[in-house]
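File shown here: run_34.cif, holding mmCIF, N, CA and C atoms.
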data_my_file
loop_
_atom_site.label_atom_id
_atom_site.label_comp_id
_atom_site.auth_asym_id
_atom_site.auth_seq_id
_atom_site.Cartn_x
_atom_site.Cartn_y
_atom_site.Cartn_z
N MET A 298 15.57 -11.40 -6.23
CA MET A 298 14.96 -10.27 -5.54
C MET A 298 14.19 -9.47 -6.59
N SER A 299 12.91 -9.22 -6.32
CA SER A 299 12.13 -8.44 -7.27
C SER A 299 11.21 -7.46 -6.54
N VAL A 300 10.76 -6.48 -7.29
CA VAL A 300 9.91 -5.43 -6.74
C VAL A 300 8.46 -5.87 -6.75
N VAL A 301 7.76 -5.57 -5.67
CA VAL A 301 6.33 -5.84 -5.55
C VAL A 301 5.65 -4.50 -5.26
N ILE A 302 4.57 -4.25 -5.97
CA ILE A 302 3.76 -3.06 -5.76
C ILE A 302 2.47 -3.50 -5.11
N ILE A 303 2.18 -2.93 -3.96
CA ILE A 303 0.96 -3.26 -3.23
C ILE A 303 0.09 -2.02 -3.21
N GLN A 304 -1.18 -2.21 -3.50
CA GLN A 304 -2.08 -1.06 -3.44
C GLN A 304 -3.21 -1.32 -2.47
N THR A 305 -3.64 -0.23 -1.85
CA THR A 305 -4.79 -0.25 -0.96
C THR A 305 -5.41 1.13 -0.98
N THR A 306 -6.63 1.24 -0.50
CA THR A 306 -7.29 2.54 -0.41
C THR A 306 -7.56 2.87 1.05
N VAL A 307 -7.60 4.16 1.34
CA VAL A 307 -7.86 4.64 2.69
C VAL A 307 -8.86 5.78 2.62
N PRO A 308 -9.58 6.05 3.70
CA PRO A 308 -10.63 7.07 3.66
C PRO A 308 -10.12 8.50 3.65
N GLU A 309 -8.95 8.75 4.24
CA GLU A 309 -8.39 10.11 4.28
C GLU A 309 -6.90 10.04 4.03
N ALA A 310 -6.35 11.15 3.50
CA ALA A 310 -4.91 11.22 3.27
C ALA A 310 -4.14 11.05 4.57
N ALA A 311 -4.67 11.59 5.67
CA ALA A 311 -3.98 11.49 6.96
C ALA A 311 -3.83 10.03 7.40
N THR A 312 -4.84 9.22 7.13
CA THR A 312 -4.75 7.79 7.45
C THR A 312 -3.65 7.15 6.62
N GLY A 313 -3.61 7.49 5.34
CA GLY A 313 -2.55 6.97 4.47
C GLY A 313 -1.18 7.39 4.94
N GLN A 314 -1.04 8.64 5.37
CA GLN A 314 0.24 9.14 5.86
C GLN A 314 0.69 8.38 7.10
N LYS A 315 -0.25 8.13 8.00
CA LYS A 315 0.07 7.38 9.22
C LYS A 315 0.54 5.97 8.88
N LEU A 316 -0.19 5.28 8.00
CA LEU A 316 0.20 3.93 7.59
C LEU A 316 1.55 3.95 6.89
N ALA A 317 1.75 4.91 5.99
CA ALA A 317 3.01 5.02 5.26
C ALA A 317 4.18 5.24 6.21
N ASP A 318 4.03 6.15 7.17
CA ASP A 318 5.10 6.43 8.12
C ASP A 318 5.48 5.18 8.90
N GLN A 319 4.47 4.42 9.34
CA GLN A 319 4.75 3.22 10.12
C GLN A 319 5.43 2.15 9.27
N LEU A 320 4.98 1.98 8.03
CA LEU A 320 5.62 1.01 7.14
C LEU A 320 7.07 1.39 6.86
N LEU A 321 7.32 2.67 6.63
CA LEU A 321 8.68 3.15 6.39
C LEU A 321 9.55 3.00 7.64
N ASP A 322 9.01 3.35 8.80
CA ASP A 322 9.76 3.24 10.05
C ASP A 322 10.20 1.80 10.32
N GLN A 323 9.35 0.85 9.94
CA GLN A 323 9.66 -0.57 10.17
C GLN A 323 10.50 -1.18 9.05
N LYS A 324 10.86 -0.35 8.07
CA LYS A 324 11.66 -0.79 6.92
C LYS A 324 10.99 -1.94 6.17
N LEU A 325 9.66 -1.89 6.10
CA LEU A 325 8.91 -2.87 5.32
C LEU A 325 8.76 -2.43 3.87
N VAL A 326 8.84 -1.13 3.63
CA VAL A 326 8.66 -0.58 2.29
C VAL A 326 9.73 0.47 2.01
N ALA A 327 9.98 0.71 0.72
CA ALA A 327 10.95 1.72 0.33
C ALA A 327 10.29 3.05 -0.01
N CYS A 328 9.04 3.01 -0.46
CA CYS A 328 8.36 4.23 -0.91
C CYS A 328 6.86 4.00 -0.91
N VAL A 329 6.11 5.06 -0.60
CA VAL A 329 4.64 4.99 -0.65
C VAL A 329 4.13 6.25 -1.33
N TRP A 330 3.28 6.07 -2.30
CA TRP A 330 2.56 7.20 -2.91
C TRP A 330 1.16 7.22 -2.31
N ILE A 331 0.68 8.40 -2.00
CA ILE A 331 -0.71 8.57 -1.58
C ILE A 331 -1.33 9.53 -2.58
N LEU A 332 -2.19 9.02 -3.43
CA LEU A 332 -2.75 9.81 -4.51
C LEU A 332 -3.94 10.64 -4.03
N PRO A 333 -4.23 11.72 -4.73
CA PRO A 333 -5.35 12.59 -4.35
C PRO A 333 -6.68 11.81 -4.32
N ALA A 334 -7.64 12.42 -3.68
CA ALA A 334 -8.95 11.78 -3.51
C ALA A 334 -9.57 11.41 -4.84
N MET A 335 -10.27 10.29 -4.83
CA MET A 335 -11.01 9.79 -5.98
C MET A 335 -12.34 9.28 -5.45
N HIS A 336 -13.24 8.96 -6.34
CA HIS A 336 -14.51 8.37 -5.94
C HIS A 336 -14.48 6.88 -6.23
N SER A 337 -14.81 6.10 -5.24
CA SER A 337 -14.85 4.65 -5.36
C SER A 337 -16.31 4.21 -5.33
N HIS A 338 -16.73 3.48 -6.34
CA HIS A 338 -18.11 2.99 -6.45
C HIS A 338 -18.08 1.47 -6.29
N TYR A 339 -18.93 0.94 -5.41
CA TYR A 339 -18.93 -0.49 -5.15
C TYR A 339 -20.22 -0.89 -4.43
N ASN A 340 -20.49 -2.17 -4.42
CA ASN A 340 -21.61 -2.71 -3.65
C ASN A 340 -21.05 -3.26 -2.34
N TRP A 341 -21.71 -2.94 -1.22
CA TRP A 341 -21.26 -3.41 0.09
C TRP A 341 -22.48 -3.74 0.94
N LYS A 342 -22.56 -5.00 1.34
CA LYS A 342 -23.65 -5.48 2.19
C LYS A 342 -25.01 -5.14 1.59
N GLY A 343 -25.15 -5.39 0.29
CA GLY A 343 -26.42 -5.20 -0.39
C GLY A 343 -26.78 -3.78 -0.75
N LYS A 344 -25.84 -2.86 -0.59
CA LYS A 344 -26.14 -1.46 -0.85
C LYS A 344 -25.07 -0.85 -1.75
N ARG A 345 -25.49 -0.02 -2.69
CA ARG A 345 -24.54 0.68 -3.55
C ARG A 345 -23.88 1.80 -2.77
N GLU A 346 -22.56 1.86 -2.82
CA GLU A 346 -21.79 2.86 -2.10
C GLU A 346 -20.97 3.70 -3.07
N CYS A 347 -20.72 4.92 -2.70
CA CYS A 347 -19.81 5.81 -3.42
C CYS A 347 -19.09 6.65 -2.36
N ASP A 348 -17.80 6.40 -2.21
CA ASP A 348 -17.02 7.08 -1.18
C ASP A 348 -15.79 7.74 -1.79
N ARG A 349 -15.36 8.80 -1.13
CA ARG A 349 -14.08 9.40 -1.49
C ARG A 349 -12.99 8.60 -0.78
N GLU A 350 -11.98 8.22 -1.53
CA GLU A 350 -10.87 7.47 -0.97
C GLU A 350 -9.57 7.97 -1.59
N HIS A 351 -8.47 7.60 -0.95
CA HIS A 351 -7.14 7.87 -1.47
C HIS A 351 -6.48 6.53 -1.77
N LEU A 352 -5.84 6.45 -2.91
CA LEU A 352 -5.13 5.23 -3.30
C LEU A 352 -3.70 5.31 -2.81
N MET A 353 -3.28 4.27 -2.12
CA MET A 353 -1.88 4.14 -1.70
C MET A 353 -1.20 3.14 -2.62
N ILE A 354 -0.08 3.54 -3.17
CA ILE A 354 0.75 2.65 -3.98
C ILE A 354 2.04 2.45 -3.18
N ILE A 355 2.25 1.22 -2.76
CA ILE A 355 3.30 0.87 -1.80
C ILE A 355 4.33 0.02 -2.53
N LYS A 356 5.61 0.43 -2.45
CA LYS A 356 6.66 -0.29 -3.16
C LYS A 356 7.58 -0.99 -2.17
N THR A 357 7.74 -2.30 -2.38
CA THR A 357 8.59 -3.12 -1.52
C THR A 357 9.26 -4.19 -2.36
N LEU A 358 9.96 -5.09 -1.70
CA LEU A 358 10.60 -6.22 -2.35
C LEU A 358 9.92 -7.51 -1.91
N THR A 359 10.06 -8.56 -2.73
CA THR A 359 9.38 -9.82 -2.44
C THR A 359 9.67 -10.32 -1.02
N GLU A 360 10.88 -10.10 -0.55
CA GLU A 360 11.26 -10.57 0.78
C GLU A 360 10.45 -9.92 1.90
N LYS A 361 9.86 -8.77 1.64
CA LYS A 361 9.10 -8.05 2.66
C LYS A 361 7.59 -8.04 2.38
N SER A 362 7.18 -8.53 1.23
CA SER A 362 5.78 -8.38 0.82
C SER A 362 4.79 -9.11 1.73
N ASP A 363 5.13 -10.31 2.19
CA ASP A 363 4.21 -11.02 3.10
C ASP A 363 4.04 -10.25 4.40
N ALA A 364 5.13 -9.68 4.90
CA ALA A 364 5.05 -8.91 6.14
C ALA A 364 4.21 -7.65 5.94
N VAL A 365 4.31 -7.02 4.77
CA VAL A 365 3.49 -5.84 4.47
C VAL A 365 2.01 -6.23 4.45
N PHE A 366 1.69 -7.35 3.78
CA PHE A 366 0.30 -7.82 3.73
C PHE A 366 -0.24 -8.06 5.13
N GLN A 367 0.52 -8.77 5.94
CA GLN A 367 0.07 -9.08 7.30
C GLN A 367 -0.12 -7.81 8.11
N TRP A 368 0.84 -6.89 8.02
CA TRP A 368 0.77 -5.65 8.79
C TRP A 368 -0.44 -4.82 8.36
N LEU A 369 -0.61 -4.65 7.04
CA LEU A 369 -1.76 -3.88 6.54
C LEU A 369 -3.08 -4.52 6.96
N SER A 370 -3.16 -5.83 6.87
CA SER A 370 -4.40 -6.53 7.27
C SER A 370 -4.75 -6.26 8.72
N ALA A 371 -3.74 -6.16 9.57
CA ALA A 371 -3.98 -5.94 11.00
C ALA A 371 -4.23 -4.47 11.33
N GLU A 372 -3.59 -3.55 10.62
CA GLU A 372 -3.63 -2.13 10.98
C GLU A 372 -4.60 -1.28 10.16
N HIS A 373 -5.10 -1.81 9.07
CA HIS A 373 -5.96 -1.03 8.18
C HIS A 373 -7.29 -0.71 8.87
N PRO A 374 -7.82 0.51 8.67
CA PRO A 374 -9.06 0.88 9.35
C PRO A 374 -10.32 0.24 8.77
N TYR A 375 -10.26 -0.29 7.56
CA TYR A 375 -11.46 -0.87 6.94
C TYR A 375 -11.72 -2.28 7.46
N GLU A 376 -12.99 -2.64 7.49
CA GLU A 376 -13.39 -4.00 7.86
C GLU A 376 -12.87 -5.02 6.86
N CYS A 377 -12.90 -4.65 5.59
CA CYS A 377 -12.46 -5.55 4.51
C CYS A 377 -11.61 -4.73 3.53
N PRO A 378 -10.35 -4.46 3.88
CA PRO A 378 -9.53 -3.61 3.02
C PRO A 378 -9.13 -4.30 1.72
N GLU A 379 -9.07 -3.50 0.68
CA GLU A 379 -8.51 -3.96 -0.59
C GLU A 379 -7.00 -3.91 -0.44
N ILE A 380 -6.36 -5.05 -0.51
CA ILE A 380 -4.90 -5.11 -0.49
C ILE A 380 -4.51 -6.01 -1.66
N ILE A 381 -3.92 -5.41 -2.67
CA ILE A 381 -3.62 -6.12 -3.92
C ILE A 381 -2.13 -6.00 -4.21
N SER A 382 -1.54 -7.11 -4.62
CA SER A 382 -0.12 -7.15 -4.92
C SER A 382 0.09 -7.34 -6.42
N LEU A 383 1.03 -6.57 -6.97
CA LEU A 383 1.39 -6.67 -8.37
C LEU A 383 2.90 -6.81 -8.48
N ALA A 384 3.37 -7.75 -9.27
CA ALA A 384 4.81 -7.92 -9.47
C ALA A 384 5.26 -6.98 -10.58
N ALA A 385 6.38 -6.32 -10.37
CA ALA A 385 6.95 -5.45 -11.39
C ALA A 385 7.76 -6.30 -12.37
N GLU A 386 7.49 -6.15 -13.66
CA GLU A 386 8.21 -6.93 -14.66
C GLU A 386 9.64 -6.47 -14.83
N LYS A 387 9.85 -5.17 -14.87
CA LYS A 387 11.18 -4.61 -15.05
C LYS A 387 11.38 -3.45 -14.09
N VAL A 388 12.57 -3.35 -13.53
CA VAL A 388 12.91 -2.28 -12.59
C VAL A 388 14.34 -1.84 -12.90
N SER A 389 14.55 -0.55 -12.94
CA SER A 389 15.90 -0.06 -13.21
C SER A 389 16.86 -0.50 -12.10
N ALA A 390 18.09 -0.75 -12.46
CA ALA A 390 19.09 -1.23 -11.51
C ALA A 390 19.29 -0.22 -10.38
N GLY A 391 19.30 1.06 -10.70
CA GLY A 391 19.49 2.08 -9.68
C GLY A 391 18.36 2.08 -8.66
N TYR A 392 17.12 1.95 -9.13
CA TYR A 392 15.98 1.96 -8.21
C TYR A 392 15.97 0.69 -7.36
N LEU A 393 16.30 -0.44 -7.97
CA LEU A 393 16.36 -1.68 -7.20
C LEU A 393 17.42 -1.57 -6.10
N GLY A 394 18.55 -0.99 -6.42
CA GLY A 394 19.60 -0.78 -5.42
C GLY A 394 19.12 0.12 -4.29
N PHE A 395 18.41 1.20 -4.65
CA PHE A 395 17.83 2.09 -3.64
C PHE A 395 16.92 1.31 -2.70
N MET A 396 16.05 0.49 -3.27
CA MET A 396 15.12 -0.29 -2.46
C MET A 396 15.86 -1.24 -1.53
N GLN A 397 16.86 -1.93 -2.04
CA GLN A 397 17.63 -2.85 -1.21
C GLN A 397 18.28 -2.13 -0.04
N ARG A 398 18.85 -0.96 -0.30
CA ARG A 398 19.49 -0.20 0.78
C ARG A 398 18.45 0.26 1.81
N GLU A 399 17.30 0.75 1.36
CA GLU A 399 16.28 1.24 2.29
C GLU A 399 15.67 0.14 3.13
N LEU A 400 15.63 -1.06 2.58
CA LEU A 400 15.02 -2.17 3.30
C LEU A 400 16.06 -3.05 4.01
N ASP A 401 17.30 -2.56 4.02
CA ASP A 401 18.40 -3.29 4.69
C ASP A 401 18.56 -4.71 4.18
N LEU A 402 18.47 -4.86 2.84
CA LEU A 402 18.66 -6.17 2.23
C LEU A 402 19.92 -6.13 1.37
N PRO A 403 20.66 -7.23 1.32
CA PRO A 403 21.91 -7.27 0.52
C PRO A 403 21.64 -7.22 -0.97
#

Kindly return the structure encoded in the file as structure tokens.
Amino acid sequence: MSVVIIQTTVPEAATGQKLADQLLDQKLVACVWILPAMHSHYNWKGKRECDREHLMIIKTLTEKSDAVFQWLSAEHPYECPEIISLAAEKVSAGYLGFMQRELDLP
């Protein structure tokens, strides 16, 4: 059992809060950070874009990560959302235990 950190961006903090609440209610994640607004610069459909976005840092366990990816892909408001997964190399025993309890895993 290991920790997976998934990140995505959303257009408003309220959107992030809604997604976070639903993920937590479904016990797919143990914790979600929604960071303050930032500027995202990228090319989209042949045009340079610069938008204000909020970064969501979503913490879950490997056993739930595929379900989080599928859920975010279906519920995210963007046409092509950035959903990136990062494996945590080391996690404190206490935090891992917290995550297992929150996600109803042994």

10 Å contact set for A:Leu400, only C-alpha atoms, chain neighbours under 4 positions out, as JSON, numbers by chain: {"A": [321, 323, 324, 325, 326, 327, 357, 358, 360, 361, 394, 395, 396]}

Generate a file of the selected residues that holds N, CA and C atoms, formatted as a short mmCIF file (atom, residue, chain, number, x, y, z; two decimals), keeping the file's coordinate frame.
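Ended up saving to selection.cif:
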data_model
loop_
_atom_site.label_atom_id
_atom_site.label_comp_id
_atom_site.auth_asym_id
_atom_site.auth_seq_id
_atom_site.Cartn_x
_atom_site.Cartn_y
_atom_site.Cartn_z
N LEU A 321 7.32 2.67 6.63
CA LEU A 321 8.68 3.15 6.39
C LEU A 321 9.55 3.00 7.64
N GLN A 323 9.35 0.85 9.94
CA GLN A 323 9.66 -0.57 10.17
C GLN A 323 10.50 -1.18 9.05
N LYS A 324 10.86 -0.35 8.07
CA LYS A 324 11.66 -0.79 6.92
C LYS A 324 10.99 -1.94 6.17
N LEU A 325 9.66 -1.89 6.10
CA LEU A 325 8.91 -2.87 5.32
C LEU A 325 8.76 -2.43 3.87
N VAL A 326 8.84 -1.13 3.63
CA VAL A 326 8.66 -0.58 2.29
C VAL A 326 9.73 0.47 2.01
N ALA A 327 9.98 0.71 0.72
CA ALA A 327 10.95 1.72 0.33
C ALA A 327 10.29 3.05 -0.01
N THR A 357 7.74 -2.30 -2.38
CA THR A 357 8.59 -3.12 -1.52
C THR A 357 9.26 -4.19 -2.36
N LEU A 358 9.96 -5.09 -1.70
CA LEU A 358 10.60 -6.22 -2.35
C LEU A 358 9.92 -7.51 -1.91
N GLU A 360 10.88 -10.10 -0.55
CA GLU A 360 11.26 -10.57 0.78
C GLU A 360 10.45 -9.92 1.90
N LYS A 361 9.86 -8.77 1.64
CA LYS A 361 9.10 -8.05 2.66
C LYS A 361 7.59 -8.04 2.38
N GLY A 394 18.55 -0.99 -6.42
CA GLY A 394 19.60 -0.78 -5.42
C GLY A 394 19.12 0.12 -4.29
N PHE A 395 18.41 1.20 -4.65
CA PHE A 395 17.83 2.09 -3.64
C PHE A 395 16.92 1.31 -2.70
N MET A 396 16.05 0.49 -3.27
CA MET A 396 15.12 -0.29 -2.46
C MET A 396 15.86 -1.24 -1.53
#

Surrounding residues of stretch 349-353 of chain A excluding itself and chain neighbours under 3 positions, 5 Å, all atoms listed in the file, as an NGL selection string: :A and (304-308 or 330-337)

For A:Ala385: contacts at 6 Å, all atoms listed in the file, fewer than 2 positions along chain excluded, given as JSON, numbers by chain: {"A": [300, 301, 302, 383, 387, 388]}

Can you check which residues of stretch 350-393 of chain A DSSP gives as strand (DSSP E or B) on the backbone and send them as JSON, numbers by chain? {"A": [350, 351, 352, 353, 354, 355, 356, 357, 358, 381, 382, 383, 384]}

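We find atom N of A:Ala310 and atom C of A:Asp322 to be spaced 20.2 Å apart.
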